[in-house]
>>> print(open('my_file-v5.txt').read())   # compact mmCIF, C-alpha atoms and all ligand atoms
# COMPACT_ATOMS: atom_id res chain seq x y z
CA MET O 1 18.73 8.47 -12.34
CA ILE O 2 17.77 11.82 -10.92
CA GLU O 3 18.83 14.80 -13.11
CA THR O 4 21.79 16.41 -11.37
CA ASN O 5 23.25 19.91 -11.39
CA PRO O 6 27.10 19.66 -11.21
CA PHE O 7 27.30 22.89 -9.22
CA LEU O 8 24.57 21.84 -6.80
CA PRO O 9 24.78 18.04 -6.77
CA PRO O 10 22.29 16.02 -4.73
CA ALA O 11 23.35 13.90 -1.76
CA GLN O 12 24.56 10.43 -2.73
CA ARG O 13 21.65 8.85 -0.91
CA ILE O 14 19.22 10.09 -3.56
CA SER O 15 21.49 10.25 -6.60
CA SER O 16 20.61 6.78 -7.88
CA PHE O 17 16.85 7.44 -7.74
CA GLU O 18 14.34 8.07 -10.47
CA PRO O 19 11.19 10.05 -9.64
CA TYR O 20 8.40 7.75 -8.38
CA PHE O 21 6.89 5.86 -11.35
CA PHE O 22 3.48 7.57 -11.11
CA ALA O 23 5.04 11.05 -11.05
CA ALA O 24 6.69 10.36 -14.43
CA LEU O 25 3.58 8.64 -15.84
CA GLY O 26 1.46 11.66 -14.84
CA LYS O 27 3.66 13.88 -17.02
CA LYS O 28 3.27 11.60 -20.06
CA ILE O 29 -0.51 11.40 -19.55
CA ASN O 30 -0.82 15.19 -19.37
CA LYS O 31 0.91 15.45 -22.75
CA LEU O 32 -1.41 12.85 -24.29
CA LYS O 33 -4.44 14.67 -22.88
CA GLN O 34 -3.19 17.99 -24.27
CA SER O 35 -2.96 16.34 -27.67
CA GLY O 36 -6.70 15.50 -27.38
CA MET O 37 -6.55 11.86 -26.28
CA ASP O 38 -9.27 10.57 -23.93
CA VAL O 39 -7.03 8.80 -21.40
CA ILE O 40 -8.54 6.28 -18.96
CA ARG O 41 -6.36 5.80 -15.91
CA ILE O 42 -6.61 2.36 -14.38
CA ASP O 43 -3.01 2.50 -13.19
CA MET O 44 -2.90 4.15 -9.77
CA GLY O 45 -4.47 2.77 -6.57
CA SER O 46 -6.27 5.98 -5.64
CA PRO O 47 -9.95 5.39 -4.79
CA ASP O 48 -12.29 7.49 -6.97
CA LEU O 49 -15.23 7.38 -4.53
CA PRO O 50 -15.61 9.80 -1.59
CA PRO O 51 -15.79 8.90 2.10
CA ALA O 52 -19.23 8.65 3.76
CA ASP O 53 -20.98 11.98 4.40
CA PHE O 54 -20.70 11.77 8.18
CA ILE O 55 -16.89 11.74 7.85
CA ILE O 56 -16.83 14.80 5.59
CA GLU O 57 -19.29 16.61 7.88
CA GLU O 58 -16.99 16.09 10.84
CA LEU O 59 -14.09 17.62 8.89
CA VAL O 60 -16.23 20.61 7.91
CA ASN O 61 -17.67 21.14 11.40
CA GLN O 62 -14.32 20.83 13.12
CA SER O 63 -12.67 23.15 10.59
CA ARG O 64 -15.29 25.85 11.33
CA ARG O 65 -14.26 25.95 14.99
CA SER O 66 -11.77 28.63 15.94
CA ASP O 67 -9.77 26.37 18.26
CA THR O 68 -8.82 23.55 15.86
CA HIS O 69 -6.22 25.27 13.71
CA GLY O 70 -3.08 24.98 15.79
CA TYR O 71 -0.50 22.19 15.66
CA SER O 72 -1.70 18.70 16.57
CA PRO O 73 0.32 16.38 18.80
CA THR O 74 3.08 14.33 17.16
CA GLY O 75 1.76 10.91 16.25
CA GLY O 76 -1.89 11.88 16.60
CA THR O 77 -4.44 13.04 19.14
CA GLN O 78 -5.35 10.78 22.05
CA ALA O 79 -8.84 10.49 20.58
CA PHE O 80 -7.43 9.25 17.27
CA LYS O 81 -5.16 6.69 18.94
CA GLN O 82 -8.08 5.51 21.08
CA ALA O 83 -10.22 5.21 17.92
CA VAL O 84 -7.52 3.05 16.29
CA ALA O 85 -7.48 0.83 19.39
CA ASP O 86 -11.31 0.63 19.31
CA TYR O 87 -11.24 -0.27 15.62
CA TYR O 88 -8.67 -3.07 16.22
CA LEU O 89 -10.78 -4.44 19.07
CA ASP O 90 -13.99 -4.31 17.08
CA ARG O 91 -12.60 -5.55 13.78
CA PHE O 92 -9.96 -8.09 14.94
CA GLU O 93 -10.56 -8.62 18.66
CA VAL O 94 -7.06 -7.28 19.25
CA ASN O 95 -6.47 -5.23 22.41
CA LEU O 96 -4.00 -2.38 21.93
CA ASP O 97 -2.75 0.17 24.43
CA PRO O 98 -3.48 3.45 22.62
CA ALA O 99 -0.75 5.32 24.53
CA ASN O 100 2.13 2.96 23.64
CA GLU O 101 1.07 0.60 20.88
CA VAL O 102 -0.54 3.01 18.40
CA ILE O 103 0.80 5.95 16.40
CA GLY O 104 -0.96 8.16 13.87
CA LEU O 105 0.82 8.73 10.55
CA ILE O 106 0.61 11.20 7.66
CA GLY O 107 -0.62 8.33 5.51
CA SER O 108 1.00 4.93 5.98
CA LYS O 109 3.66 5.67 3.30
CA GLU O 110 5.25 8.13 5.72
CA GLY O 111 5.53 5.48 8.42
CA LEU O 112 6.82 2.81 6.03
CA PHE O 113 9.58 5.13 4.88
CA ASN O 114 10.47 6.23 8.40
CA LEU O 115 10.56 2.69 9.73
CA SER O 116 13.61 1.94 7.60
CA GLN O 117 15.27 5.11 8.89
CA VAL O 118 14.77 4.15 12.55
CA ILE O 119 15.70 0.47 12.21
CA LEU O 120 18.47 0.05 9.66
CA ASN O 121 22.14 0.75 10.17
CA PRO O 122 24.37 0.85 7.08
CA GLY O 123 24.76 -2.71 5.79
CA ASP O 124 21.81 -4.17 7.73
CA VAL O 125 19.64 -6.37 5.53
CA ALA O 126 16.02 -5.54 4.78
CA LEU O 127 14.12 -8.45 3.23
CA VAL O 128 11.68 -7.07 0.71
CA PRO O 129 9.05 -8.82 -1.44
CA ASP O 130 9.44 -8.80 -5.24
CA PRO O 131 7.02 -7.75 -6.64
CA GLY O 132 6.21 -5.27 -3.89
CA TYR O 133 5.22 -1.72 -3.02
CA PRO O 134 8.36 0.26 -3.96
CA VAL O 135 8.71 2.22 -0.69
CA TYR O 136 9.96 -0.85 1.23
CA SER O 137 13.12 -0.91 -0.90
CA THR O 138 13.65 2.78 -1.58
CA SER O 139 13.38 3.62 2.11
CA GLY O 140 15.89 0.86 2.91
CA ILE O 141 18.36 2.11 0.32
CA ILE O 142 18.08 5.70 1.56
CA ALA O 143 18.71 4.43 5.11
CA GLY O 144 21.95 2.82 3.86
CA GLY O 145 20.61 -0.70 4.35
CA LYS O 146 21.17 -3.67 2.06
CA VAL O 147 17.90 -4.53 0.37
CA VAL O 148 17.59 -8.25 -0.41
CA HIS O 149 14.52 -9.26 -2.42
CA PHE O 150 12.62 -12.50 -2.04
CA PRO O 151 10.30 -13.61 -4.84
CA LEU O 152 6.51 -13.78 -4.64
CA LEU O 153 5.64 -16.41 -7.23
CA ALA O 154 2.30 -17.47 -8.70
CA GLU O 155 3.09 -21.14 -7.96
CA ASN O 156 3.36 -20.28 -4.25
CA ASP O 157 0.17 -18.13 -4.25
CA PHE O 158 2.42 -15.05 -4.04
CA LEU O 159 3.50 -15.96 -0.49
CA PRO O 160 7.21 -16.00 0.39
CA ASN O 161 9.08 -19.23 0.90
CA LEU O 162 10.75 -18.26 4.17
CA LYS O 163 12.73 -21.49 4.27
CA ALA O 164 14.52 -20.51 1.06
CA ILE O 165 16.18 -17.45 2.63
CA PRO O 166 19.86 -18.33 3.24
CA SER O 167 21.01 -18.36 6.87
CA GLU O 168 23.94 -15.97 6.09
CA THR O 169 21.34 -13.43 4.93
CA LEU O 170 19.16 -14.00 7.99
CA GLU O 171 22.11 -13.32 10.30
CA LYS O 172 22.34 -9.78 8.91
CA THR O 173 18.59 -9.20 8.61
CA LYS O 174 16.90 -6.56 10.76
CA ILE O 175 13.52 -6.38 9.07
CA LEU O 176 11.18 -8.46 6.90
CA TRP O 177 8.46 -6.66 4.95
CA LEU O 178 5.11 -8.29 4.23
CA ASN O 179 1.90 -6.96 2.72
CA TYR O 180 -1.38 -8.90 2.70
CA PRO O 181 -3.85 -8.41 1.07
CA ASN O 182 -1.09 -7.72 -1.41
CA ASN O 183 -0.32 -4.92 -3.78
CA PRO O 184 0.23 -5.60 -6.66
CA THR O 185 -0.75 -9.28 -6.83
CA GLY O 186 -4.06 -9.20 -4.92
CA ALA O 187 -2.83 -12.26 -2.97
CA ILE O 188 -4.04 -13.01 0.55
CA ALA O 189 -2.44 -14.66 3.58
CA ASN O 190 -4.14 -16.85 6.16
CA MET O 191 -3.62 -17.14 9.91
CA SER O 192 -1.39 -20.19 9.65
CA PHE O 193 1.02 -18.26 7.41
CA PHE O 194 1.02 -15.40 9.93
CA GLU O 195 1.76 -17.89 12.73
CA GLU O 196 4.72 -19.20 10.75
CA VAL O 197 5.92 -15.62 10.25
CA VAL O 198 5.83 -14.80 13.98
CA LEU O 199 7.76 -17.98 14.84
CA PHE O 200 10.28 -17.18 12.09
CA ALA O 201 10.78 -13.64 13.45
CA ARG O 202 11.35 -14.94 16.98
CA LYS O 203 13.77 -17.61 15.83
CA HIS O 204 15.87 -15.26 13.69
CA HIS O 205 15.49 -12.14 15.77
CA ILE O 206 13.92 -10.08 13.00
CA LEU O 207 11.31 -7.34 13.03
CA ILE O 208 8.26 -8.02 10.87
CA ALA O 209 6.73 -4.98 9.22
CA HIS O 210 3.29 -5.93 7.97
CA ASP O 211 1.67 -3.40 5.67
CA ALA O 212 -2.11 -3.92 5.69
CA PRO O 213 -3.92 -1.01 4.01
CA TYR O 214 -6.28 -3.32 2.06
CA VAL O 215 -7.48 -5.39 4.99
CA ASP O 216 -11.03 -4.00 4.73
CA ILE O 217 -11.49 -4.41 0.99
CA CYS O 218 -12.47 -8.05 0.65
CA PHE O 219 -14.82 -9.91 -1.69
CA ASP O 220 -16.76 -13.16 -1.94
CA GLY O 221 -17.16 -13.54 1.85
CA TYR O 222 -13.42 -13.37 2.55
CA ASN O 223 -12.38 -11.48 5.72
CA ALA O 224 -8.68 -10.57 5.90
CA PRO O 225 -6.90 -11.11 9.23
CA SER O 226 -4.48 -8.80 11.04
CA LEU O 227 -1.00 -10.06 11.93
CA MET O 228 -1.70 -8.68 15.40
CA GLN O 229 -4.23 -11.49 15.96
CA ILE O 230 -1.34 -13.92 16.34
CA SER O 231 -0.31 -14.42 19.93
CA GLY O 232 3.05 -12.75 20.63
CA ALA O 233 2.98 -10.78 17.36
CA ARG O 234 3.54 -7.48 19.09
CA ASP O 235 6.85 -8.74 20.52
CA VAL O 236 8.29 -8.97 17.02
CA ALA O 237 6.04 -7.00 14.69
CA ILE O 238 4.51 -3.73 13.70
CA GLU O 239 1.48 -3.41 11.43
CA PHE O 240 0.71 -0.45 9.19
CA ASN O 241 -2.84 0.42 8.31
CA SER O 242 -4.44 3.37 6.60
CA LEU O 243 -7.65 5.27 6.11
CA SER O 244 -6.71 5.86 2.46
CA LYS O 245 -8.27 2.77 0.95
CA THR O 246 -10.57 1.52 3.71
CA TYR O 247 -12.47 4.81 3.96
CA ASN O 248 -11.73 6.36 0.53
CA MET O 249 -9.53 9.00 2.18
CA ALA O 250 -6.28 8.68 0.19
CA GLY O 251 -5.79 12.43 -0.26
CA TRP O 252 -6.45 13.18 3.41
CA ARG O 253 -3.15 11.53 4.42
CA LEU O 254 -4.11 9.63 7.53
CA GLY O 255 -2.73 6.27 8.58
CA MET O 256 -1.48 4.41 11.61
CA ALA O 257 1.05 1.89 12.87
CA VAL O 258 0.30 -0.49 15.71
CA GLY O 259 2.22 -3.14 17.60
CA ASN O 260 5.60 -3.28 19.28
CA PRO O 261 5.79 -0.32 21.71
CA ASP O 262 9.55 0.20 21.30
CA ILE O 263 9.26 0.48 17.54
CA ILE O 264 6.28 2.82 17.95
CA ASN O 265 8.46 4.93 20.23
CA TYR O 266 11.32 5.01 17.68
CA LEU O 267 8.87 6.25 15.07
CA PHE O 268 7.48 8.81 17.50
CA THR O 269 10.96 10.16 18.29
CA TYR O 270 11.93 10.39 14.62
CA LYS O 271 8.64 11.97 13.61
CA SER O 272 8.83 14.54 16.38
CA GLN O 273 12.04 15.80 14.74
CA MET O 274 10.70 15.65 11.23
CA ASP O 275 7.03 16.52 10.86
CA THR O 276 4.44 18.45 12.75
CA SER O 277 1.55 16.05 12.58
CA THR O 278 -1.75 16.30 10.69
CA PHE O 279 -4.51 18.92 10.74
CA GLY O 280 -6.67 18.36 13.86
CA PRO O 281 -10.03 18.18 12.03
CA ILE O 282 -8.59 15.37 9.88
CA PHE O 283 -7.81 13.39 13.04
CA SER O 284 -11.36 14.11 14.28
CA ALA O 285 -12.87 12.93 11.00
CA GLY O 286 -10.60 9.85 11.23
CA VAL O 287 -12.11 9.09 14.64
CA LYS O 288 -15.61 9.19 13.08
CA ALA O 289 -14.47 6.98 10.21
CA LEU O 290 -12.93 4.35 12.49
CA THR O 291 -15.61 4.26 15.17
CA GLY O 292 -18.74 5.31 13.25
CA GLU O 293 -21.12 3.13 11.31
CA GLN O 294 -19.20 0.73 9.02
CA ASP O 295 -22.07 -0.61 6.87
CA TRP O 296 -21.28 1.68 3.94
CA LEU O 297 -18.02 -0.22 3.39
CA GLU O 298 -20.01 -3.30 2.40
CA GLU O 299 -21.76 -1.36 -0.37
CA ARG O 300 -18.50 0.22 -1.49
CA ASN O 301 -16.84 -3.20 -1.66
CA GLN O 302 -19.71 -4.35 -3.89
CA VAL O 303 -18.79 -1.55 -6.31
CA TYR O 304 -15.18 -2.79 -6.36
CA LYS O 305 -16.38 -6.36 -6.83
CA GLU O 306 -18.44 -5.37 -9.87
CA ARG O 307 -15.38 -3.61 -11.32
CA ARG O 308 -13.16 -6.56 -10.48
CA ASP O 309 -15.49 -8.87 -12.41
CA LEU O 310 -15.51 -6.52 -15.41
CA VAL O 311 -11.71 -6.37 -15.42
CA VAL O 312 -11.31 -10.13 -14.97
CA ASP O 313 -13.67 -10.81 -17.91
CA GLY O 314 -12.11 -8.08 -20.08
CA LEU O 315 -8.52 -9.14 -19.48
CA ARG O 316 -9.31 -12.82 -20.01
CA SER O 317 -11.07 -12.04 -23.31
CA ALA O 318 -7.99 -10.07 -24.36
CA GLY O 319 -5.74 -13.10 -23.76
CA PHE O 320 -4.36 -12.38 -20.27
CA THR O 321 -4.15 -15.08 -17.61
CA LEU O 322 -4.95 -14.29 -13.99
CA GLU O 323 -6.30 -15.44 -10.65
CA ILE O 324 -9.45 -13.71 -9.40
CA PRO O 325 -8.39 -11.58 -6.40
CA LYS O 326 -10.35 -11.95 -3.15
CA ALA O 327 -9.15 -8.63 -1.72
CA ALA O 328 -7.48 -5.25 -2.42
CA ILE O 329 -8.19 -3.05 -5.44
CA TYR O 330 -6.01 -4.62 -8.10
CA VAL O 331 -6.11 -7.27 -10.77
CA TRP O 332 -2.66 -8.71 -11.49
CA ALA O 333 -2.56 -10.30 -14.90
CA HIS O 334 0.02 -12.18 -16.91
CA LEU O 335 0.50 -10.59 -20.35
CA PRO O 336 -0.91 -12.43 -23.38
CA ALA O 337 1.26 -15.19 -24.87
CA GLY O 338 4.36 -13.88 -26.61
CA GLN O 339 4.44 -10.60 -24.65
CA THR O 340 7.20 -10.34 -22.08
CA ASP O 341 8.18 -6.67 -21.76
CA SER O 342 5.61 -5.02 -19.48
CA ILE O 343 6.90 -1.45 -19.90
CA ALA O 344 6.84 -1.68 -23.70
CA PHE O 345 3.41 -3.37 -23.61
CA CYS O 346 1.78 -0.81 -21.28
CA SER O 347 3.36 2.07 -23.15
CA ARG O 348 1.98 0.80 -26.50
CA LEU O 349 -1.40 0.17 -24.90
CA LEU O 350 -1.48 3.75 -23.61
CA ASP O 351 -0.30 5.33 -26.88
CA GLU O 352 -2.66 3.30 -29.07
CA THR O 353 -5.82 3.10 -26.93
CA GLY O 354 -5.51 5.77 -24.21
CA VAL O 355 -5.78 3.09 -21.50
CA SER O 356 -3.14 3.54 -18.80
CA THR O 357 -2.20 0.45 -16.75
CA THR O 358 0.86 -0.20 -14.59
CA PRO O 359 3.70 -2.39 -15.93
CA GLY O 360 4.40 -5.23 -13.50
CA VAL O 361 8.17 -4.64 -13.54
CA VAL O 362 7.65 -1.36 -11.66
CA TYR O 363 7.13 -3.61 -8.61
CA GLY O 364 10.33 -5.63 -9.15
CA LYS O 365 11.89 -8.04 -11.59
CA HIS O 366 9.48 -10.84 -10.66
CA GLY O 367 6.68 -8.53 -11.76
CA GLU O 368 8.02 -8.58 -15.32
CA GLY O 369 5.56 -10.17 -17.72
CA TYR O 370 2.56 -8.85 -15.75
CA LEU O 371 0.47 -5.72 -15.64
CA ARG O 372 -1.64 -4.30 -12.84
CA VAL O 373 -5.11 -2.83 -13.23
CA SER O 374 -6.51 -0.68 -10.44
CA LEU O 375 -10.21 -0.74 -9.58
CA GLY O 376 -10.20 2.85 -8.28
CA THR O 377 -11.81 4.32 -11.41
CA ALA O 378 -15.51 4.89 -12.26
CA THR O 379 -17.27 1.69 -13.37
CA ASP O 380 -18.34 3.04 -16.79
CA ARG O 381 -14.74 4.12 -17.51
CA ILE O 382 -13.49 0.65 -16.56
CA LYS O 383 -16.06 -0.86 -18.95
CA GLU O 384 -14.85 1.48 -21.70
CA ALA O 385 -11.19 0.62 -20.93
CA MET O 386 -11.88 -3.10 -21.16
CA SER O 387 -13.73 -2.73 -24.44
CA ARG O 388 -10.82 -0.72 -25.93
CA LEU O 389 -8.37 -3.35 -24.69
CA VAL O 390 -10.32 -6.26 -26.17
CA ASP O 391 -10.69 -4.46 -29.54
CA TRP O 392 -6.99 -3.58 -29.54
CA ASN O 393 -5.90 -7.14 -28.93
CA ARG O 394 -8.22 -8.69 -31.54
C1 LIG A 1 0.80 -1.68 -0.15
C2 LIG A 1 0.64 -0.23 0.11
N1 LIG A 1 1.12 0.29 1.24
C3 LIG A 1 1.00 1.59 1.53
C4 LIG A 1 0.36 2.44 0.65
C5 LIG A 1 0.31 3.90 1.01
O1 LIG A 1 -0.89 4.26 1.53
P1 LIG A 1 -1.11 5.64 2.27
O2 LIG A 1 -2.06 6.41 1.42
O3 LIG A 1 -1.69 5.26 3.60
O4 LIG A 1 0.19 6.32 2.41
C6 LIG A 1 -0.15 1.96 -0.55
C7 LIG A 1 -0.77 2.88 -1.50
O5 LIG A 1 -1.02 2.58 -2.64
C8 LIG A 1 -0.01 0.59 -0.82
O6 LIG A 1 -0.47 0.04 -1.94
>>> encode(input="my_file-v5.txt", output="structure tokens")
Amino acid sequence: MIETNPFLPPAQRISSFEPYFFAALGKKINKLKQSGMDVIRIDMGSPDLPPADFIIEELVNQSRRSDTHGYSPTGGTQAFKQAVADYYLDRFEVNLDPANEVIGLIGSKEGLFNLSQVILNPGDVALVPDPGYPVYSTSGIIAGGKVVHFPLLAENDFLPNLKAIPSETLEKTKILWLNYPNNPTGAIANMSFFEEVVLFARKHHILIAHDAPYVDICFDGYNAPSLMQISGARDVAIEFNSLSKTYNMAGWRLGMAVGNPDIINYLFTYKSQMDTSTFGPIFSAGVKALTGEQDWLEERNQVYKERRDLVVDGLRSAGFTLEIPKAAIYVWAHLPAGQTDSIAFCSRLLDETGVSTTPGVVYGKHGEGYLRVSLGTATDRIKEAMSRLVDWNR
């Protein structure tokens, strides 16, 4: 629970919250570092590599101009929205109207959070995956919605069993959250699953929010689809995407939502009251990223693949069980036999070896018994982390 001051108490809507897991972990890691420990962070999904030079050059050049320092338009410049539409056409053969079906975001997390605020009335159900990216639930709770989790289980390839959701729940449901390629499990979804999802949304009158920031980080010849490729998807769905992971631009805070024009308009209206957009040169650099040469992503994905293979081998030698992920920047591994408490396990691992991983339970109760390793750390540090882990578990 948040620390409260009885004379200046917080609003009820935030009083049941803890600070975001990584904010608290960062504090603990700083203390360990101050005590002299060499900490290797393979916990957070923040890419360590920079964007391509031509993207950085655009930011620098645009920033040097005298006429780029005022406010940018809410929801992004026309050029940025056009670039998103061009990217969707080029990458997925999906035609989007940049004026009505695209909105720029201050990173996709902002849009995910705001979507709950513009869709949920108190008591409306939000169906949220467990394990899942925490913002789907926290944003729903803050909006006054009723968050109902559905499990993502290994035996179902971490896809939801939509048929198992009770009809009484569906009657109250406004929104269903999905995320493929998936954080934290690394699972992927195919087109036939997406077709089933669109039919399901139509039948039950539910908005699908598909969060797809890892769609361009794929391995072994896999090519992740967009939900928007399904015919009729934009009648019932919105898709979030981001430059954070695809283009190594996590700190730049640039993302987008595409799809249903009414939902895009709700987000636009809400945002226009709340934020004042992103720095213009960042939008310009985003245009270059989305529409410029894409070949460097292939090389970058090879770096992630090499790291993935190191982590898979290391974790397996240390007694973990796992599936090799075909996409995203995570390895989701079941703890060695006899270990069930992921927070206690990861905390001991950090204290005794300096290797920081994320306990699976942070992503929901069905994440208990797992840990997540992120591939967004230098390859030699990942090698060192795996060797410490194997020695520790011997
Ligand atoms: C599934 C998922 N969605 C959204 C985000 C947020 O990305 P952004 O940097 O675009 O806000 C993340 C970041 O880790 C994520 O894993």
>>> axis_aligned_box(input="my_file-v5.txt", around="ligand LIG 1 (chain A)", padding_each_side="4 Å", output="AutoDock Vina command-line options")
--center_x -0.5 --center_y 2.4 --center_z 0.5 --size_x 11.2 --size_y 16.1 --size_z 14.2
>>> closest_residue(input="my_file-v5.txt", among="O:Ser347, O:Met386, O:Arg64, O:Thr169", to="O:Leu32", atoms="only C-alpha atoms")
O:Ser347
>>> atom_distance(input="my_file-v5.txt", atom1="atom CA of O:Pro281", atom2="atom CA of O:Arg253")
12.2 Å
>>> residues_near_ligand(input="my_file-v5.txt", ligand="ligand LIG 1 (chain A)", cutoff="9 Å", atoms="all atoms listed in the file", output="PyMOL selection string")
chain O and resi 44-46+105-112+132-136+179-184+211-214+240-245+249-256+328
>>> residues_around(input="my_file-v5.txt", residues="O:Gln229", least_positions_apart="5", cutoff="12 Å", atoms="all atoms listed in the file", output="MDAnalysis selection string")
chainID O and resid 88:89 91:96 190:192 194:195 198 224 234 237:239 258:259
>>> atom_distance(input="my_file-v5.txt", atom1="atom CA of O:Gly75", atom2="atom CA of O:Leu178")
22.9 Å
>>> residues_around(input="my_file-v5.txt", residues="stretch 295-305 of chain O", least_positions_apart="4", cutoff="7 Å", atoms="all atoms listed in the file", output="list in words")
Ile217, Cys218, Phe219, Asp309 and Leu375 of chain O
>>> atom_distance(input="my_file-v5.txt", atom1="atom CA of O:Phe320", atom2="atom CA of O:Ile382")
16.3 Å
>>> closest_residue(input="my_file-v5.txt", among="O:Ala385, O:Met1, O:Ile230, O:Leu290", to="O:Arg41", atoms="all atoms listed in the file")
O:Ala385
>>> closest_residue(input="my_file-v5.txt", among="O:Thr278, O:Ser284, O:Tyr266, O:Ala209", to="O:Gly70", atoms="only C-alpha atoms")
O:Thr278
